[in-house]
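Below is one structure; the comments refer to it alone.
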Amino acid sequence: MDDEKLGHRSQSSAPHQRINADELRHFCQLFRFFLAQQAPLNLQTVAKRVAAFVEKHSKISGRKIVLVTSGGTTVPLETQTVRFIDNFSAGTRGAISTEFFLDHGYAVIFLHRQYSLLPYSRHYSHSTNCFLDFMASDGNGGVKAPQYTPKMLQVLNKYTAVKSAGLLETISFVDVNEYLFLLREITLTLSTINERALFYLAAAVSDFYIPIGKMVHHKIQSGGEGLLKLELDQVPKVLSPLVKEWAPRAYVVSFKLETDPSILVQKAQGALKNYGHQAVIGNILSTRKHHVVLITSSEVKDVRLNEFQIAENTEIEGVFIPEIISRHDAWIRQSK
Ligand code: PMT
C-alpha cells in the first residue's frame, strides 16, 4: 500500500517533529485500521465530488470552505448487519451550524449520518407539525396554517440560493468505518486550500468498534448461555493525524462532550494540548442547546443563552459561530 492511501500525501509545510511513544502507538493503531478495514464502496465517487467542489470554490477569491461533521456513527456487530451500537446524536448541532456558515459566505461540505438532520429541511422534517400542514390547502387558494408561511418562505429562499450557487455538498455515512475513510479522503482534498479550510468536527464518533477480522458474518444467535459478550477495540483517534499531517495549515475546531461539568474544561484543554489544534467547543449533554464553552490555547469563554433567548428558541450556534469565524479569519490573515 502506498503512502498516499495511508493518508501521507506529502505536505511541504508539515512540521518535522519527533514523535513520542503515545503518538507512535496512535500511529500504529491508525495504520492497522486503514490497512485492515474495508473502504466504503462509494469512496472514489465521493472523492471525485469533493475534489470538484473544492476546486470550484478554491478559484473564488476569499472563499472559505468548512467541513462540518454531524450526527452519530454506528458500530455494527455483524458484517451482514442486523444489530449495531449507536449513540444519541441527531445531528442537530451540525445541521444548524451548516446554515450559519452558509449565511456567512462559506462553502460547506456536510459529512453527516444518513437520515440525521439536514440543513434547511430540518425546519419541517423534525417539526412537531407535519410538513403537510404547512402546505395544506384551505380550499380557497390559500393554506390552512398561514402562520408558518413567512418562516418557511425564508427557509426556502435560503435553500434555493445555496443550491443554485452550489455552496453545499452533502455526503452521508452510517458506521464509524465509513466515517473515518470519508473523513480522511475529504481532509486530504480540503487541505489543498491551506488556511482557508476550516474543520468543524461535531459528529459524535464511536470510541470502540469491532474490527472486520473479528466480526461474525451472520446474525448473532440467542440461546446458549443467554449472555452476549462483546469485545471491542479502540477506534484510532484521527484528530492527531488530521491536525499534524493531513491538514496542518487548516483551522481545526473539535468538540468535547461530557456529562460531568466538573471535568469539561480540563478535558478540552487536554485535547488541545494532545492534538495541537486551534479550538475546542465543550458541551454538556443536558445543556448543550443553551451553553457551550469555547476553549483555545489562551482563553476559556463561556457562551450561554439567557432565559429570554431560551424562551425564544434562539440557536446558540448563531452566537458562537461568528466567534469561530473571526478566529478563522485571524488565522488566515496571520498566515499572509
Ligand atoms: O447532534 P446533537 O444532538 O446536536 O449533539 C451535538 C453533539 C453533542 C454530538 C456535539 O456538540 C459534540 O459534542 N460532538 C462531539 C462528541 C464526541 O464524539 O466527543 P468525543 O469526546 O468522543 O470526541 C472528541 C473529538 O475527537 C471530536 O471532535 C471527534 O470528532 C474527535 N474524534 C473522536 C473519535 C475518534 N476516533 N477520532 C476523533 O478524532
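Going through the C-alpha cells in order, the chains are called A, B, and so on, while each chain numbers its residues from 1 and the ligands are numbered from 1 in the order shown.
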What does the list of residues within 6 Å of ligand 1 look like if you count only C-alpha atoms and all ligand atoms, written as an mmCIF file with C-alpha atoms, in the first residue's frame?
```
data_model
loop_
_atom_site.group_PDB
_atom_site.id
_atom_site.type_symbol
_atom_site.label_atom_id
_atom_site.label_comp_id
_atom_site.auth_asym_id
_atom_site.auth_seq_id
_atom_site.Cartn_x
_atom_site.Cartn_y
_atom_site.Cartn_z
ATOM 1 C CA GLY A 71 -24.557 13.002 13.754
ATOM 2 C CA SER A 89 -26.772 12.402 18.348
ATOM 3 C CA ALA A 90 -29.485 13.559 15.961
ATOM 4 C CA GLY A 91 -27.126 15.865 14.072
ATOM 5 C CA THR A 92 -28.882 19.000 15.304
ATOM 6 C CA ARG A 93 -25.644 20.886 16.027
ATOM 7 C CA LEU A 201 -15.908 18.224 13.872
ATOM 8 C CA ALA A 202 -19.278 18.000 15.605
ATOM 9 C CA ALA A 203 -20.017 14.326 14.851
ATOM 10 C CA ALA A 204 -20.355 12.006 17.843
ATOM 11 C CA VAL A 205 -17.776 9.392 16.850
ATOM 12 C CA ASP A 207 -14.696 5.274 20.576
ATOM 13 C CA VAL A 235 -11.110 3.378 17.372
ATOM 14 C CA PRO A 236 -7.938 5.254 16.419
ATOM 15 C CA LYS A 237 -8.053 8.950 17.292
ATOM 16 C CA VAL A 238 -7.902 10.658 13.942
ATOM 17 C CA LEU A 239 -7.679 14.173 15.284
ATOM 18 C CA SER A 254 -13.149 19.804 17.634
ATOM 19 C CA PHE A 255 -15.971 19.186 20.102
ATOM 20 C CA LYS A 256 -15.841 17.724 23.556
ATOM 21 C CA LEU A 257 -18.942 16.174 25.021
ATOM 22 C CA ASN A 283 -20.595 20.970 25.879
#
```
Item to check | Exercise: stretch 28-41 of chain A partners within 9 Å, only C-alpha atoms, chain neighbours under 5 positions left out, as a ChimeraX atom specification | outcome: /A:1,5-6,23,177-178,180-182,211-213,234-238,241
Checklist entry - Hey, what's within 12 Å of A:Ala165 if we count only C-alpha atoms and toss same-chain stuff fewer than 2 positions away? As a PyMOL selection string, please? => result chain A and resi 53+56-57+102+105-108+158-163+167-169
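Between atom CA of A:Thr79 and atom CA of A:Tyr209 lies a distance of 12.3 Å.
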Checklist entry - Between atom CA of A:Leu305 and atom CA of A:Val265, what is the distance, to one decimal in Å? => result 18.7 Å
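The smallest atom-to-atom distance between A:Lys273 and any of A:His290, A:Ile295, A:Tyr251, A:Thr192, using only C-alpha atoms, is found for A:Ile295.
Those residues in stretch 174-290 of chain A carrying a DSSP assignment of strand (DSSP E), computed from the backbone, are Ala197, Leu198, Phe199, Tyr200, Leu201, Phe208, Tyr209, Asp233, Gln234, Tyr251, Val252, Val253, Ser254, Phe255, Lys256, Leu257, Glu258, Ala279, Val280, Ile281, Gly282, Asn283 and Ile284 of chain A.
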Checklist entry - Could you name the residues that touch A:Leu294 at 7 Å or less, counting only C-alpha atoms, but leaving out those on the same chain fewer than 5 positions away, as number ranges by chain? => result A: 280-282, 300-302
Can you spit out the residues from that selection as a PDB file, in the first residue's frame, using N, CA and C atoms?
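Full text of selection.pdb as output:
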```
ATOM      1  N   VAL A 280     -11.526  24.102  20.829  1.00  0.00           N
ATOM      2  CA  VAL A 280     -12.465  23.037  21.222  1.00  0.00           C
ATOM      3  C   VAL A 280     -13.750  23.715  21.693  1.00  0.00           C
ATOM      4  N   ILE A 281     -14.870  23.186  21.257  1.00  0.00           N
ATOM      5  CA  ILE A 281     -16.148  23.619  21.826  1.00  0.00           C
ATOM      6  C   ILE A 281     -16.550  22.530  22.814  1.00  0.00           C
ATOM      7  N   GLY A 282     -16.614  22.896  24.074  1.00  0.00           N
ATOM      8  CA  GLY A 282     -17.020  21.944  25.112  1.00  0.00           C
ATOM      9  C   GLY A 282     -18.517  22.055  25.342  1.00  0.00           C
ATOM     10  N   VAL A 300     -10.726  30.658  27.851  1.00  0.00           N
ATOM     11  CA  VAL A 300     -11.856  29.766  28.142  1.00  0.00           C
ATOM     12  C   VAL A 300     -13.069  30.685  28.205  1.00  0.00           C
ATOM     13  N   LYS A 301     -13.928  30.593  27.206  1.00  0.00           N
ATOM     14  CA  LYS A 301     -15.029  31.552  27.126  1.00  0.00           C
ATOM     15  C   LYS A 301     -16.372  30.843  27.210  1.00  0.00           C
ATOM     16  N   ASP A 302     -17.149  31.220  28.196  1.00  0.00           N
ATOM     17  CA  ASP A 302     -18.484  30.667  28.371  1.00  0.00           C
ATOM     18  C   ASP A 302     -19.455  31.339  27.396  1.00  0.00           C
TER      19      ASP A 302
END
```
Next on the checklist: Give me, as an MDAnalysis selection string, all polymer residues having an atom no more than 12 Å from stretch 128-140 of chain A, counting only C-alpha atoms and skipping those fewer than 5 positions away in the same chain.
Outcome noted: chainID A and resid 121:123 145:153
With a distance cut-off of 12 Å and only C-alpha atoms, select the neighbouring residues of A:Tyr200, excluding the residue or stretch itself and same-chain residues fewer than 4 positions from it, and output the selection as a PDB file with N, CA and C atoms, in the first residue's frame.
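The result, written out as result_14.pdb:
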```pdb
ATOM      1  N   ILE A  65     -13.836  27.343   2.878  1.00  0.00           N
ATOM      2  CA  ILE A  65     -14.640  26.098   2.859  1.00  0.00           C
ATOM      3  C   ILE A  65     -14.548  25.444   4.237  1.00  0.00           C
ATOM      4  N   VAL A  66     -15.707  25.051   4.750  1.00  0.00           N
ATOM      5  CA  VAL A  66     -15.726  24.359   6.049  1.00  0.00           C
ATOM      6  C   VAL A  66     -16.237  22.924   5.858  1.00  0.00           C
ATOM      7  N   LEU A  67     -15.561  22.002   6.521  1.00  0.00           N
ATOM      8  CA  LEU A  67     -16.104  20.638   6.619  1.00  0.00           C
ATOM      9  C   LEU A  67     -16.833  20.551   7.957  1.00  0.00           C
ATOM     10  N   VAL A  68     -18.126  20.302   7.894  1.00  0.00           N
ATOM     11  CA  VAL A  68     -18.921  20.102   9.115  1.00  0.00           C
ATOM     12  C   VAL A  68     -19.219  18.609   9.216  1.00  0.00           C
ATOM     13  N   THR A  69     -18.816  17.975  10.313  1.00  0.00           N
ATOM     14  CA  THR A  69     -19.221  16.575  10.515  1.00  0.00           C
ATOM     15  C   THR A  69     -20.387  16.569  11.499  1.00  0.00           C
ATOM     16  N   SER A  70     -21.315  15.637  11.308  1.00  0.00           N
ATOM     17  CA  SER A  70     -22.572  15.751  12.051  1.00  0.00           C
ATOM     18  C   SER A  70     -23.250  14.405  12.277  1.00  0.00           C
ATOM     19  N   ARG A  93     -26.735  19.898  16.016  1.00  0.00           N
ATOM     20  CA  ARG A  93     -25.644  20.886  16.027  1.00  0.00           C
ATOM     21  C   ARG A  93     -25.063  21.089  14.624  1.00  0.00           C
ATOM     22  N   GLY A  94     -24.802  19.984  13.945  1.00  0.00           N
ATOM     23  CA  GLY A  94     -24.161  20.060  12.629  1.00  0.00           C
ATOM     24  C   GLY A  94     -25.060  20.729  11.601  1.00  0.00           C
ATOM     25  N   ALA A  95     -26.358  20.363  11.604  1.00  0.00           N
ATOM     26  CA  ALA A  95     -27.278  20.918  10.598  1.00  0.00           C
ATOM     27  C   ALA A  95     -27.494  22.419  10.824  1.00  0.00           C
ATOM     28  N   SER A  97     -25.446  24.478  12.413  1.00  0.00           N
ATOM     29  CA  SER A  97     -24.171  25.173  12.178  1.00  0.00           C
ATOM     30  C   SER A  97     -23.939  25.388  10.690  1.00  0.00           C
ATOM     31  N   THR A  98     -24.290  24.378   9.898  1.00  0.00           N
ATOM     32  CA  THR A  98     -24.102  24.494   8.449  1.00  0.00           C
ATOM     33  C   THR A  98     -24.858  25.701   7.903  1.00  0.00           C
ATOM     34  N   PHE A 101     -22.896  28.834   8.784  1.00  0.00           N
ATOM     35  CA  PHE A 101     -21.693  29.000   7.953  1.00  0.00           C
ATOM     36  C   PHE A 101     -22.086  29.481   6.551  1.00  0.00           C
ATOM     37  N   VAL A 108     -19.798  24.750   2.147  1.00  0.00           N
ATOM     38  CA  VAL A 108     -19.824  23.742   3.207  1.00  0.00           C
ATOM     39  C   VAL A 108     -19.839  22.315   2.639  1.00  0.00           C
ATOM     40  N   ILE A 109     -18.931  21.490   3.157  1.00  0.00           N
ATOM     41  CA  ILE A 109     -19.022  20.051   2.923  1.00  0.00           C
ATOM     42  C   ILE A 109     -19.654  19.484   4.191  1.00  0.00           C
ATOM     43  N   PHE A 110     -20.821  18.901   4.040  1.00  0.00           N
ATOM     44  CA  PHE A 110     -21.592  18.446   5.199  1.00  0.00           C
ATOM     45  C   PHE A 110     -21.527  16.924   5.238  1.00  0.00           C
ATOM     46  N   LEU A 111     -20.680  16.402   6.118  1.00  0.00           N
ATOM     47  CA  LEU A 111     -20.495  14.943   6.240  1.00  0.00           C
ATOM     48  C   LEU A 111     -21.367  14.481   7.401  1.00  0.00           C
ATOM     49  N   LEU A 183     -13.758  10.801   6.100  1.00  0.00           N
ATOM     50  CA  LEU A 183     -13.122  11.963   6.734  1.00  0.00           C
ATOM     51  C   LEU A 183     -11.693  12.135   6.220  1.00  0.00           C
ATOM     52  N   THR A 187     -10.512  15.301   4.032  1.00  0.00           N
ATOM     53  CA  THR A 187      -9.495  16.150   4.659  1.00  0.00           C
ATOM     54  C   THR A 187      -8.306  16.363   3.737  1.00  0.00           C
ATOM     55  N   LEU A 239      -7.925  12.739  15.166  1.00  0.00           N
ATOM     56  CA  LEU A 239      -7.679  14.173  15.284  1.00  0.00           C
ATOM     57  C   LEU A 239      -6.179  14.483  15.182  1.00  0.00           C
ATOM     58  N   ALA A 250      -4.754  24.061   8.170  1.00  0.00           N
ATOM     59  CA  ALA A 250      -6.167  24.424   8.325  1.00  0.00           C
ATOM     60  C   ALA A 250      -6.455  24.860   9.763  1.00  0.00           C
ATOM     61  N   TYR A 251      -7.608  25.506   9.957  1.00  0.00           N
ATOM     62  CA  TYR A 251      -8.087  25.855  11.295  1.00  0.00           C
ATOM     63  C   TYR A 251      -9.025  24.727  11.734  1.00  0.00           C
ATOM     64  N   VAL A 252      -8.706  24.122  12.869  1.00  0.00           N
ATOM     65  CA  VAL A 252      -9.461  22.928  13.276  1.00  0.00           C
ATOM     66  C   VAL A 252     -10.185  23.154  14.611  1.00  0.00           C
ATOM     67  N   VAL A 253     -11.477  22.916  14.580  1.00  0.00           N
ATOM     68  CA  VAL A 253     -12.308  23.004  15.790  1.00  0.00           C
ATOM     69  C   VAL A 253     -12.857  21.614  16.086  1.00  0.00           C
ATOM     70  N   SER A 254     -12.544  21.084  17.253  1.00  0.00           N
ATOM     71  CA  SER A 254     -13.149  19.804  17.634  1.00  0.00           C
ATOM     72  C   SER A 254     -14.190  20.078  18.719  1.00  0.00           C
ATOM     73  N   PHE A 255     -14.961  19.067  19.043  1.00  0.00           N
ATOM     74  CA  PHE A 255     -15.971  19.186  20.102  1.00  0.00           C
ATOM     75  C   PHE A 255     -15.636  18.238  21.231  1.00  0.00           C
ATOM     76  N   LYS A 256     -16.025  18.622  22.406  1.00  0.00           N
ATOM     77  CA  LYS A 256     -15.841  17.724  23.556  1.00  0.00           C
ATOM     78  C   LYS A 256     -17.175  17.607  24.258  1.00  0.00           C
ATOM     79  N   HIS A 277      -4.468  21.395  17.975  1.00  0.00           N
ATOM     80  CA  HIS A 277      -5.304  22.156  17.048  1.00  0.00           C
ATOM     81  C   HIS A 277      -5.699  23.494  17.663  1.00  0.00           C
ATOM     82  N   GLN A 278      -6.667  24.185  17.045  1.00  0.00           N
ATOM     83  CA  GLN A 278      -6.868  25.590  17.402  1.00  0.00           C
ATOM     84  C   GLN A 278      -7.974  25.834  18.432  1.00  0.00           C
ATOM     85  N   ALA A 279      -9.048  25.059  18.400  1.00  0.00           N
ATOM     86  CA  ALA A 279     -10.143  25.352  19.337  1.00  0.00           C
ATOM     87  C   ALA A 279     -10.966  24.109  19.638  1.00  0.00           C
ATOM     88  N   VAL A 280     -11.526  24.102  20.829  1.00  0.00           N
ATOM     89  CA  VAL A 280     -12.465  23.037  21.222  1.00  0.00           C
ATOM     90  C   VAL A 280     -13.750  23.715  21.693  1.00  0.00           C
ATOM     91  N   ILE A 281     -14.870  23.186  21.257  1.00  0.00           N
ATOM     92  CA  ILE A 281     -16.148  23.619  21.826  1.00  0.00           C
ATOM     93  C   ILE A 281     -16.550  22.530  22.814  1.00  0.00           C
ATOM     94  N   ILE A 321     -20.768  30.729  16.464  1.00  0.00           N
ATOM     95  CA  ILE A 321     -20.123  30.549  15.153  1.00  0.00           C
ATOM     96  C   ILE A 321     -19.445  31.844  14.658  1.00  0.00           C
ATOM     97  N   ILE A 324     -16.067  31.782  16.065  1.00  0.00           N
ATOM     98  CA  ILE A 324     -15.174  30.835  15.375  1.00  0.00           C
ATOM     99  C   ILE A 324     -14.693  31.468  14.065  1.00  0.00           C
ATOM    100  N   ILE A 325     -15.625  32.095  13.366  1.00  0.00           N
ATOM    101  CA  ILE A 325     -15.273  32.684  12.066  1.00  0.00           C
ATOM    102  C   ILE A 325     -14.244  33.798  12.234  1.00  0.00           C
ATOM    103  N   HIS A 328     -10.997  32.152  12.696  1.00  0.00           N
ATOM    104  CA  HIS A 328     -10.521  31.573  11.427  1.00  0.00           C
ATOM    105  C   HIS A 328      -9.959  32.689  10.529  1.00  0.00           C
TER     106      HIS A 328
END
```
Would you give me, as a PDB file with N, CA and C atoms, in the first residue's frame, the residues in stretch 153-257 of chain A that DSSP reads as alpha helix (DSSP H)?
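Saved to out38.pdb:
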```pdb
ATOM      1  N   LEU A 153     -41.001  30.325   3.997  1.00  0.00           N
ATOM      2  CA  LEU A 153     -40.585  31.015   2.760  1.00  0.00           C
ATOM      3  C   LEU A 153     -39.132  31.477   2.885  1.00  0.00           C
ATOM      4  N   GLN A 154     -38.809  31.953   4.076  1.00  0.00           N
ATOM      5  CA  GLN A 154     -37.437  32.402   4.322  1.00  0.00           C
ATOM      6  C   GLN A 154     -36.463  31.224   4.168  1.00  0.00           C
ATOM      7  N   VAL A 155     -36.843  30.074   4.746  1.00  0.00           N
ATOM      8  CA  VAL A 155     -36.004  28.869   4.654  1.00  0.00           C
ATOM      9  C   VAL A 155     -35.874  28.448   3.187  1.00  0.00           C
ATOM     10  N   LEU A 156     -37.002  28.469   2.494  1.00  0.00           N
ATOM     11  CA  LEU A 156     -36.993  28.054   1.082  1.00  0.00           C
ATOM     12  C   LEU A 156     -36.087  28.966   0.255  1.00  0.00           C
ATOM     13  N   ASN A 157     -36.164  30.283   0.511  1.00  0.00           N
ATOM     14  CA  ASN A 157     -35.337  31.222  -0.261  1.00  0.00           C
ATOM     15  C   ASN A 157     -33.852  30.986  -0.023  1.00  0.00           C
ATOM     16  N   LYS A 158     -33.498  30.740   1.239  1.00  0.00           N
ATOM     17  CA  LYS A 158     -32.088  30.487   1.548  1.00  0.00           C
ATOM     18  C   LYS A 158     -31.626  29.203   0.869  1.00  0.00           C
ATOM     19  N   TYR A 159     -32.439  28.173   0.998  1.00  0.00           N
ATOM     20  CA  TYR A 159     -32.100  26.865   0.413  1.00  0.00           C
ATOM     21  C   TYR A 159     -31.895  27.001  -1.097  1.00  0.00           C
ATOM     22  N   THR A 160     -32.815  27.708  -1.751  1.00  0.00           N
ATOM     23  CA  THR A 160     -32.734  27.864  -3.207  1.00  0.00           C
ATOM     24  C   THR A 160     -31.456  28.604  -3.601  1.00  0.00           C
ATOM     25  N   ALA A 161     -31.127  29.664  -2.843  1.00  0.00           N
ATOM     26  CA  ALA A 161     -29.925  30.451  -3.173  1.00  0.00           C
ATOM     27  C   ALA A 161     -28.665  29.604  -3.005  1.00  0.00           C
ATOM     28  N   VAL A 162     -28.617  28.826  -1.922  1.00  0.00           N
ATOM     29  CA  VAL A 162     -27.440  27.981  -1.645  1.00  0.00           C
ATOM     30  C   VAL A 162     -27.307  26.920  -2.735  1.00  0.00           C
ATOM     31  N   LYS A 163     -28.434  26.350  -3.112  1.00  0.00           N
ATOM     32  CA  LYS A 163     -28.416  25.294  -4.123  1.00  0.00           C
ATOM     33  C   LYS A 163     -27.975  25.852  -5.473  1.00  0.00           C
ATOM     34  N   SER A 164     -28.509  26.990  -5.848  1.00  0.00           N
ATOM     35  CA  SER A 164     -28.164  27.488  -7.188  1.00  0.00           C
ATOM     36  C   SER A 164     -26.706  27.959  -7.239  1.00  0.00           C
ATOM     37  N   VAL A 176     -18.879   3.801  11.770  1.00  0.00           N
ATOM     38  CA  VAL A 176     -17.647   4.518  12.106  1.00  0.00           C
ATOM     39  C   VAL A 176     -16.567   4.256  11.060  1.00  0.00           C
ATOM     40  N   ASN A 177     -16.612   3.086  10.442  1.00  0.00           N
ATOM     41  CA  ASN A 177     -15.659   2.747   9.400  1.00  0.00           C
ATOM     42  C   ASN A 177     -15.799   3.704   8.207  1.00  0.00           C
ATOM     43  N   GLU A 178     -17.029   3.833   7.741  1.00  0.00           N
ATOM     44  CA  GLU A 178     -17.272   4.742   6.612  1.00  0.00           C
ATOM     45  C   GLU A 178     -16.857   6.158   6.987  1.00  0.00           C
ATOM     46  N   TYR A 179     -17.228   6.546   8.196  1.00  0.00           N
ATOM     47  CA  TYR A 179     -16.923   7.911   8.640  1.00  0.00           C
ATOM     48  C   TYR A 179     -15.423   8.199   8.538  1.00  0.00           C
ATOM     49  N   LEU A 180     -14.605   7.271   9.044  1.00  0.00           N
ATOM     50  CA  LEU A 180     -13.166   7.538   9.094  1.00  0.00           C
ATOM     51  C   LEU A 180     -12.537   7.562   7.699  1.00  0.00           C
ATOM     52  N   PHE A 181     -12.964   6.638   6.834  1.00  0.00           N
ATOM     53  CA  PHE A 181     -12.428   6.658   5.464  1.00  0.00           C
ATOM     54  C   PHE A 181     -12.827   7.950   4.746  1.00  0.00           C
ATOM     55  N   LEU A 182     -14.091   8.325   4.897  1.00  0.00           N
ATOM     56  CA  LEU A 182     -14.563   9.533   4.208  1.00  0.00           C
ATOM     57  C   LEU A 182     -13.891  10.778   4.777  1.00  0.00           C
ATOM     58  N   LEU A 183     -13.758  10.801   6.100  1.00  0.00           N
ATOM     59  CA  LEU A 183     -13.122  11.963   6.734  1.00  0.00           C
ATOM     60  C   LEU A 183     -11.693  12.135   6.220  1.00  0.00           C
ATOM     61  N   ARG A 184     -10.956  11.039   6.149  1.00  0.00           N
ATOM     62  CA  ARG A 184      -9.566  11.149   5.685  1.00  0.00           C
ATOM     63  C   ARG A 184      -9.519  11.632   4.237  1.00  0.00           C
ATOM     64  N   GLU A 185     -10.371  11.072   3.401  1.00  0.00           N
ATOM     65  CA  GLU A 185     -10.370  11.447   1.989  1.00  0.00           C
ATOM     66  C   GLU A 185     -10.696  12.935   1.815  1.00  0.00           C
ATOM     67  N   ILE A 186     -11.744  13.371   2.500  1.00  0.00           N
ATOM     68  CA  ILE A 186     -12.171  14.771   2.356  1.00  0.00           C
ATOM     69  C   ILE A 186     -11.090  15.705   2.907  1.00  0.00           C
ATOM     70  N   THR A 187     -10.512  15.301   4.032  1.00  0.00           N
ATOM     71  CA  THR A 187      -9.495  16.150   4.659  1.00  0.00           C
ATOM     72  C   THR A 187      -8.306  16.363   3.737  1.00  0.00           C
ATOM     73  N   LEU A 188      -7.838  15.285   3.119  1.00  0.00           N
ATOM     74  CA  LEU A 188      -6.668  15.406   2.254  1.00  0.00           C
ATOM     75  C   LEU A 188      -6.949  16.339   1.076  1.00  0.00           C
ATOM     76  N   THR A 189      -8.167  16.299   0.573  1.00  0.00           N
ATOM     77  CA  THR A 189      -8.512  17.181  -0.547  1.00  0.00           C
ATOM     78  C   THR A 189      -8.698  18.618  -0.070  1.00  0.00           C
ATOM     79  N   LEU A 190      -9.385  18.766   1.045  1.00  0.00           N
ATOM     80  CA  LEU A 190      -9.650  20.115   1.551  1.00  0.00           C
ATOM     81  C   LEU A 190      -8.361  20.813   2.000  1.00  0.00           C
ATOM     82  N   LEU A 239      -7.925  12.739  15.166  1.00  0.00           N
ATOM     83  CA  LEU A 239      -7.679  14.173  15.284  1.00  0.00           C
ATOM     84  C   LEU A 239      -6.179  14.483  15.182  1.00  0.00           C
ATOM     85  N   SER A 240      -5.386  13.601  15.753  1.00  0.00           N
ATOM     86  CA  SER A 240      -3.950  13.843  15.745  1.00  0.00           C
ATOM     87  C   SER A 240      -3.366  13.849  14.320  1.00  0.00           C
ATOM     88  N   PRO A 241      -3.555  12.791  13.510  1.00  0.00           N
ATOM     89  CA  PRO A 241      -3.023  12.876  12.147  1.00  0.00           C
ATOM     90  C   PRO A 241      -3.697  13.961  11.309  1.00  0.00           C
TER      91      PRO A 241
END
```
Considering only C-alpha atoms, return as an mmCIF file with N, CA and C atoms, in the first residue's frame whatever protein or nucleic-acid residues lie within 12 Å of A:Thr287, sequence-local ones (same chain, fewer than 2 positions apart) excluded.
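The result, written out as around05.cif:
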```cif
data_model
loop_
_atom_site.group_PDB
_atom_site.id
_atom_site.type_symbol
_atom_site.label_atom_id
_atom_site.label_comp_id
_atom_site.auth_asym_id
_atom_site.auth_seq_id
_atom_site.Cartn_x
_atom_site.Cartn_y
_atom_site.Cartn_z
ATOM 1 N N LEU A 257 -17.672 16.401 24.330
ATOM 2 C CA LEU A 257 -18.942 16.174 25.021
ATOM 3 C C LEU A 257 -18.678 15.446 26.326
ATOM 4 N N GLU A 258 -19.235 15.964 27.409
ATOM 5 C CA GLU A 258 -19.158 15.286 28.704
ATOM 6 C C GLU A 258 -20.530 15.318 29.347
ATOM 7 N N THR A 259 -20.678 14.526 30.406
ATOM 8 C CA THR A 259 -21.899 14.608 31.206
ATOM 9 C C THR A 259 -21.578 15.205 32.577
ATOM 10 N N ASP A 260 -20.312 15.223 32.953
ATOM 11 C CA ASP A 260 -19.889 15.773 34.241
ATOM 12 C C ASP A 260 -19.246 17.148 34.016
ATOM 13 N N PRO A 261 -19.950 18.242 34.407
ATOM 14 C CA PRO A 261 -19.429 19.586 34.131
ATOM 15 C C PRO A 261 -18.055 19.836 34.763
ATOM 16 N N GLY A 282 -16.614 22.896 24.074
ATOM 17 C CA GLY A 282 -17.020 21.944 25.112
ATOM 18 C C GLY A 282 -18.517 22.055 25.342
ATOM 19 N N ASN A 283 -19.158 20.918 25.519
ATOM 20 C CA ASN A 283 -20.595 20.970 25.879
ATOM 21 C C ASN A 283 -20.975 19.783 26.753
ATOM 22 N N ILE A 284 -22.016 20.045 27.567
ATOM 23 C CA ILE A 284 -22.555 19.023 28.468
ATOM 24 C C ILE A 284 -23.862 18.518 27.843
ATOM 25 N N LEU A 285 -24.013 17.206 27.881
ATOM 26 C CA LEU A 285 -25.155 16.578 27.197
ATOM 27 C C LEU A 285 -26.484 17.295 27.474
ATOM 28 N N LYS A 289 -27.785 22.738 24.274
ATOM 29 C CA LYS A 289 -28.504 23.652 23.377
ATOM 30 C C LYS A 289 -28.459 25.094 23.849
ATOM 31 N N HIS A 290 -28.067 25.323 25.108
ATOM 32 C CA HIS A 290 -28.021 26.727 25.568
ATOM 33 C C HIS A 290 -26.734 27.111 26.292
ATOM 34 N N HIS A 291 -25.764 26.205 26.320
ATOM 35 C CA HIS A 291 -24.494 26.552 26.963
ATOM 36 C C HIS A 291 -23.354 25.776 26.321
ATOM 37 N N VAL A 292 -22.324 26.485 25.860
ATOM 38 C CA VAL A 292 -21.097 25.818 25.401
ATOM 39 C C VAL A 292 -19.912 26.615 25.949
ATOM 40 N N VAL A 293 -18.754 25.982 25.938
ATOM 41 C CA VAL A 293 -17.536 26.685 26.348
ATOM 42 C C VAL A 293 -16.571 26.650 25.170
ATOM 43 N N VAL A 303 -20.224 30.565 26.689
ATOM 44 C CA VAL A 303 -21.268 31.147 25.837
ATOM 45 C C VAL A 303 -22.599 30.565 26.316
ATOM 46 N N ARG A 304 -23.453 31.443 26.817
ATOM 47 C CA ARG A 304 -24.727 30.994 27.399
ATOM 48 C C ARG A 304 -25.875 31.807 26.838
ATOM 49 N N LEU A 305 -26.980 31.150 26.570
ATOM 50 C CA LEU A 305 -28.192 31.896 26.209
ATOM 51 C C LEU A 305 -28.868 32.330 27.498
ATOM 52 N N ILE A 310 -33.633 31.627 25.468
ATOM 53 C CA ILE A 310 -34.075 30.217 25.508
ATOM 54 C C ILE A 310 -35.569 30.138 25.185
ATOM 55 N N ILE A 316 -27.996 28.561 19.719
ATOM 56 C CA ILE A 316 -26.725 29.017 20.298
ATOM 57 C C ILE A 316 -25.607 29.053 19.251
#
```
Checklist entry - What gap, in Å, lies between atom CA of A:Asn274 and atom CA of A:Ser206? => result 19.0 Å
